[in-house]
Amino acid sequence: MKVLVVTSGVPFIRGGAEILADNLCQALSAAGHAAELIFIPFKHYPPNRIPDHMLACRLLDLTETCGVRIDRVIGLKFPAYLIPHPNKVIWLLHQHRTAYELWDHPMAGDLIHHPDGPVVREAIRQADCELIPEAKAVYTLSENVSNRLRRFCGIAGEPLYNPPAHASQFYNSSAGGYFFFPSRVTGVKRQLLAIEALARCRERTLVRFAGEADSPRELAVCINAIRQLKVEDRVEWLGMVPEEQKRDLYANCLAVIFPPVDEDYGYITLEAMLSSKPVITCSDSGGPLEFVVDRKTGLVASPTPESLAQAMDALWVDRRCGAAMGEAGRARYEDLKISWKNVVEKLLC
Amino acid sequence: MPKNHGLRILIATVRVPFVHGGAEIHAEGLCRALRAAGHQAEIIAIPFKWYPPERILDQMLACRLLDLSETVGVAVDRLIGLKFPAYLIPHPRKVIWLLHQHRQAYDLWQHPLNDLHRYPNGDEVRAAIHRADCELIPQALHVFANSRNVAGRLQTFCGFDAAPLYHPPQDAARFYTLPAEDFLYFPSRINPLKRQDLVLAALAQTRLPVRIYFSGSTDEVAFERKCVALAQKKGCADRVQWWGPVSEEKKRDLYARSLGVLFPPIDEDYGYITLEAMLAKKPVITCTDSGGPLEFVIDHQTGIVADPTPEALAAAMDGLWEDRERVRQWGDAGRQRYSDLRIGWDHVVEKLLA
């Protein structure tokens, strides 16, 4: 089949969505299809630029190329998934979040502060409500994204999970004496919450953090907290680590800590499961909650330092229980049949 | 890479899905050159479908609606527009390096292969394209053209000037020369616009036992069959060799060993083949209506410019075949001319960012 993957994004910025789009194209090619990526640049401010870009997408024509039919269009991100096509399938990574669940978010909210914000928000909602159902099928990145789509637009979308990069290379080695917290260092990932929890643990727990800081300011916030709480000797700050070292850190940890704010999906949960490690997450963490079964494959804590500290102490003390949870997590990964083969089959059927 | 990351530059072009040709290679070459010069560069390729004609208007509007002025609060320092309609994307610091306009609305309007004028709204769409080009192209800070030929069309149809800005063929540094063997080389896609049929008709009229090697992929199977049949009919099939699509390495080898290069297309925009021949120190035979090659080939100094008739081309081929010393001199003169023209990515980057 001739397949076009269409997505939007910001020039010069490459994040998870761009990597996923590339991986999808590779998986389609590996399955014997001709697949290409169409990238439509998107600038979301001032708010009136958003309807302009929505209209631009509606004006594009991907039905054929040089007289040859394009068999399938797969839409990933707003507003590119609005591009019309008779055989379109949407695999929704996320909608324009500040028009929906992040509308009045204290840090992320942006439209809400503009005079024409409410009008643009309504235009986005109307376009999504009317045009997303044009697709032959609607899949989403996760249950979390599906729930938002149902809540705000009344549209059903089936979660379709994709594996993290290099899934087959994760392994389990030993249960070492540290928790592992891999993530970009930024407010919504809540490294700070874990540092505060560390200071409240009864046991002498230890956390290894890995990941690049979004900005020097984000990094300073964590480093200052570590000093103030006097937990310098119980924290290792590794920064950006190579993939191989990351897998080694997973393989030898006691458990993985991943307590973000309302994550869309979250590869970290899956990487922990592939490494047969229990995951400590929070009740408001979004994506991870689809995978972590409380007390079976990890612990779901309240998003408070006390509750998180309790979860950390529990796993620190009872290593056998942690190991069993890790094994159960690995088994759950297998049960969910998370693979590119499955993704490609669903998106092309 | 230097500590300051240079300018942030976007290259705006269009693409036809699943087609990868000269324009794509050109954009990628430019992107690489900008990065090598220490800048951040990315290609924005808007999908383009030119039929039915009203789709052209939709896509012109789509391009006008995009906003590439900045990304998350940081200015995009330069937009370089290459192809229609992507070069219409607005930007306060835009430079256009015109690969070509929408030719069906201009020089190819009456061409038998064009269909725009056959649609009921063809005239209207053509007028809209003219208006957009005439009003919006001059909004750029600078306008360059891929070649003098493309600049000439812009002058003829829209009435404004553009400086020609030449760029090198892919892997220019890898071309080399070897002593001439007994064949002329015609590397091109097998396509009516490249006129392999004219060259075969000419071959049948040569006085001397001229031989030709053809290479290149086939665009139209019917045309290729016609060419093969023509060689049979004219009794010159034994003096022709069809290499088909060849590797870049093989292509450079055939250039290097050839006596001279045949390149007589119809009104080519630019034409890498002329430049590749010059890099391989070979004289070029082209025609008076071939467009781009005429900017490089100097008649009887670096090659021969013949009338587009079998007789004139046959005389040109015989001319090279019998005077090998002249062939060598013209080849050297072509290589010298390439150097004199300063055809290189460094020069291109300097001009586009000036």
# chains A, B, ... in the order shown; residues from 1 in each chain; ligands from 1

$ interface_residues --of "chain A" --to "chain B" --cutoff "7 Å" --atoms "only C-alpha atoms" --output "list in words"
Val10, Pro11, Ile40, Lys43, Asp52, His53, Ala56, Leu59, Leu60, Asp61 and Thr65 of chain A

$ write_last_selection --atoms "N, CA and C atoms" --output "PDB file, in the first residue's frame"
ATOM      1  N   VAL A  10       6.784  21.746  15.310  1.00  0.00           N
ATOM      2  CA  VAL A  10       7.489  23.014  15.292  1.00  0.00           C
ATOM      3  C   VAL A  10       8.866  22.772  14.676  1.00  0.00           C
ATOM      4  N   PRO A  11       9.208  23.522  13.613  1.00  0.00           N
ATOM      5  CA  PRO A  11      10.531  23.345  13.014  1.00  0.00           C
ATOM      6  C   PRO A  11      11.637  23.479  14.068  1.00  0.00           C
ATOM      7  N   ILE A  40       3.657  19.104   8.479  1.00  0.00           N
ATOM      8  CA  ILE A  40       3.113  20.447   8.280  1.00  0.00           C
ATOM      9  C   ILE A  40       3.547  21.314   9.468  1.00  0.00           C
ATOM     10  N   LYS A  43       2.401  26.790  14.091  1.00  0.00           N
ATOM     11  CA  LYS A  43       2.736  27.826  15.072  1.00  0.00           C
ATOM     12  C   LYS A  43       1.425  28.171  15.765  1.00  0.00           C
ATOM     13  N   ASP A  52      -5.853  29.540  11.040  1.00  0.00           N
ATOM     14  CA  ASP A  52      -5.164  29.615   9.746  1.00  0.00           C
ATOM     15  C   ASP A  52      -4.528  28.277   9.392  1.00  0.00           C
ATOM     16  N   HIS A  53      -3.847  27.689  10.362  1.00  0.00           N
ATOM     17  CA  HIS A  53      -3.168  26.422  10.085  1.00  0.00           C
ATOM     18  C   HIS A  53      -4.166  25.277   9.918  1.00  0.00           C
ATOM     19  N   ALA A  56      -5.321  25.684   6.388  1.00  0.00           N
ATOM     20  CA  ALA A  56      -4.255  25.250   5.466  1.00  0.00           C
ATOM     21  C   ALA A  56      -4.296  23.731   5.319  1.00  0.00           C
ATOM     22  N   LEU A  59      -7.000  22.455   3.111  1.00  0.00           N
ATOM     23  CA  LEU A  59      -6.850  22.798   1.699  1.00  0.00           C
ATOM     24  C   LEU A  59      -5.898  21.861   0.960  1.00  0.00           C
ATOM     25  N   LEU A  60      -5.184  21.027   1.678  1.00  0.00           N
ATOM     26  CA  LEU A  60      -4.221  20.131   1.026  1.00  0.00           C
ATOM     27  C   LEU A  60      -4.960  18.911   0.459  1.00  0.00           C
ATOM     28  N   ASP A  61      -4.382  18.333  -0.571  1.00  0.00           N
ATOM     29  CA  ASP A  61      -5.022  17.221  -1.261  1.00  0.00           C
ATOM     30  C   ASP A  61      -4.030  16.058  -1.363  1.00  0.00           C
ATOM     31  N   THR A  65      -1.079  10.840  -6.119  1.00  0.00           N
ATOM     32  CA  THR A  65       0.184  11.455  -6.480  1.00  0.00           C
ATOM     33  C   THR A  65       0.508  11.055  -7.918  1.00  0.00           C
TER      34      THR A  65
END

$ select_by_dssp --residues "range 1-154 of chain A" --states "strand (DSSP E or B)" --output "JSON, numbers by chain"
{"A": [2, 3, 4, 5, 6, 7, 8, 9, 34, 35, 36, 37, 38, 39, 40, 41, 64, 65, 68, 69, 72, 73, 74, 75, 76, 77, 88, 89, 90, 91, 92, 93, 94, 137, 138, 139, 140]}

$ write_last_selection --atoms "C-alpha atoms" --output "PDB file, in the first residue's frame"
ATOM      1  CA  LYS A   2       0.975   3.620  -0.501  1.00  0.00           C
ATOM      2  CA  VAL A   3       0.697   5.195   2.945  1.00  0.00           C
ATOM      3  CA  LEU A   4       1.264   8.774   4.070  1.00  0.00           C
ATOM      4  CA  VAL A   5       1.823   9.526   7.744  1.00  0.00           C
ATOM      5  CA  VAL A   6       0.794  13.141   8.375  1.00  0.00           C
ATOM      6  CA  THR A   7       1.813  15.119  11.401  1.00  0.00           C
ATOM      7  CA  SER A   8       2.411  18.683  12.582  1.00  0.00           C
ATOM      8  CA  GLY A   9       5.159  20.159  14.653  1.00  0.00           C
ATOM      9  CA  ALA A  34       5.576   2.429   0.612  1.00  0.00           C
ATOM     10  CA  ALA A  35       5.401   4.945   3.452  1.00  0.00           C
ATOM     11  CA  GLU A  36       6.367   8.602   3.670  1.00  0.00           C
ATOM     12  CA  LEU A  37       6.028  11.297   6.305  1.00  0.00           C
ATOM     13  CA  ILE A  38       4.293  14.610   5.574  1.00  0.00           C
ATOM     14  CA  PHE A  39       5.223  17.274   8.097  1.00  0.00           C
ATOM     15  CA  ILE A  40       3.113  20.447   8.280  1.00  0.00           C
ATOM     16  CA  PRO A  41       4.713  23.246  10.307  1.00  0.00           C
ATOM     17  CA  GLU A  64      -3.345  10.824  -5.297  1.00  0.00           C
ATOM     18  CA  THR A  65       0.184  11.455  -6.480  1.00  0.00           C
ATOM     19  CA  VAL A  68      -1.681   7.072  -8.595  1.00  0.00           C
ATOM     20  CA  ARG A  69      -4.012   6.625  -5.635  1.00  0.00           C
ATOM     21  CA  ARG A  72      -4.127   5.361   3.278  1.00  0.00           C
ATOM     22  CA  VAL A  73      -3.425   8.501   5.268  1.00  0.00           C
ATOM     23  CA  ILE A  74      -2.561   8.136   8.956  1.00  0.00           C
ATOM     24  CA  GLY A  75      -3.080  11.365  10.931  1.00  0.00           C
ATOM     25  CA  LEU A  76      -1.120  11.816  14.167  1.00  0.00           C
ATOM     26  CA  LYS A  77      -1.132  15.394  15.462  1.00  0.00           C
ATOM     27  CA  LYS A  88      -7.916   8.241   6.551  1.00  0.00           C
ATOM     28  CA  VAL A  89      -7.230   6.632   9.881  1.00  0.00           C
ATOM     29  CA  ILE A  90      -6.381   8.807  12.872  1.00  0.00           C
ATOM     30  CA  TRP A  91      -3.918   7.619  15.478  1.00  0.00           C
ATOM     31  CA  LEU A  92      -4.349  10.503  17.868  1.00  0.00           C
ATOM     32  CA  LEU A  93      -1.172  11.364  19.770  1.00  0.00           C
ATOM     33  CA  HIS A  94      -2.980  14.252  21.404  1.00  0.00           C
ATOM     34  CA  ALA A 137     -11.208   4.559  12.323  1.00  0.00           C
ATOM     35  CA  VAL A 138      -9.927   6.509  15.312  1.00  0.00           C
ATOM     36  CA  TYR A 139      -7.140   5.076  17.456  1.00  0.00           C
ATOM     37  CA  THR A 140      -5.327   6.886  20.204  1.00  0.00           C
TER      38      THR A 140
END

$ atom_distance --atom1 "CA of Lys282 in chain B" --atom2 "CA of Tyr185 in chain B"
9.9 Å

$ residues_around --residues "range 81-97 of chain B" --least-positions-apart "3" --cutoff "6 Å" --atoms "only C-alpha atoms" --output "short mmCIF file (atom, residue, chain, number, x, y, z; two decimals) with C-alpha atoms, in the first residue's frame"
data_model
loop_
_atom_site.label_atom_id
_atom_site.label_comp_id
_atom_site.auth_asym_id
_atom_site.auth_seq_id
_atom_site.Cartn_x
_atom_site.Cartn_y
_atom_site.Cartn_z
CA ALA B 12 10.48 26.06 1.79
CA THR B 13 9.69 23.76 -1.10
CA VAL B 14 6.94 21.46 -2.31
CA MET B 60 -1.49 28.60 -2.89
CA CYS B 63 0.96 28.28 1.77
CA ARG B 64 -0.12 31.87 2.47
CA SER B 69 8.23 33.68 11.23
CA ARG B 78 15.75 33.41 6.91
CA GLN B 101 7.54 28.70 -11.63
CA ALA B 140 11.22 38.74 -1.03
CA LEU B 141 14.39 40.55 0.01
CA HIS B 142 16.23 39.04 -2.95
CA VAL B 143 15.20 36.89 -5.88
CA PHE B 144 17.66 34.48 -7.47
CA ALA B 145 16.97 31.98 -10.21
#

$ closest_residue --among "B:Thr218, B:Tyr272, B:Tyr255, B:Pro265" --to "His26 in chain B" --atoms "only C-alpha atoms"
B:Tyr272

$ closest_atom_pairs --of "range 161-214 of chain A" --to "range 13-28 of chain A" --cutoff "10 Å" --atoms "only C-alpha atoms" --output "Markdown table"
| residue | atom | partner | partner_atom | distance |
| --- | --- | --- | --- | --- |
| A:Asn162 | CA | A:Leu20 | CA | 8.6 |
| A:Pro163 | CA | A:Leu20 | CA | 9.7 |
| A:Pro164 | CA | A:Leu20 | CA | 9.1 |
| A:Ala165 | CA | A:Asn23 | CA | 8.2 |

$ atom_distance --atom1 "CA of Tyr81 in chain A" --atom2 "CA of Met54 in chain A"
9.5 Å

$ residues_around --residues "Pro259 in chain A" --least-positions-apart "6" --cutoff "8 Å" --atoms "only C-alpha atoms" --output "JSON, numbers by chain"
{"A": [189, 190, 280, 281, 282, 285, 303]}

$ write_last_selection --atoms "C-alpha atoms" --output "PDB file, in the first residue's frame"
ATOM      1  CA  LYS A 189       7.828  14.936  35.540  1.00  0.00           C
ATOM      2  CA  ARG A 190       8.053  15.821  39.263  1.00  0.00           C
ATOM      3  CA  ILE A 280       6.020   3.529  41.602  1.00  0.00           C
ATOM      4  CA  THR A 281       3.644   6.074  40.077  1.00  0.00           C
ATOM      5  CA  CYS A 282       0.940   8.491  41.284  1.00  0.00           C
ATOM      6  CA  SER A 285      -0.041  10.380  36.538  1.00  0.00           C
ATOM      7  CA  PRO A 303       0.924  12.667  44.696  1.00  0.00           C
TER       8      PRO A 303
END

$ select_by_dssp --residues "range 217-340 of chain B" --states "helix (DSSP H, G or I)" --output "number ranges by chain"
B: 221-233, 237-239, 248-257, 272-279, 292-295, 310-322, 324-340

$ closest_residue --among "A:Phe181, A:Asn48, A:Pro84, A:Leu160" --to "Pro118 in chain A" --atoms "only C-alpha atoms"
A:Asn48
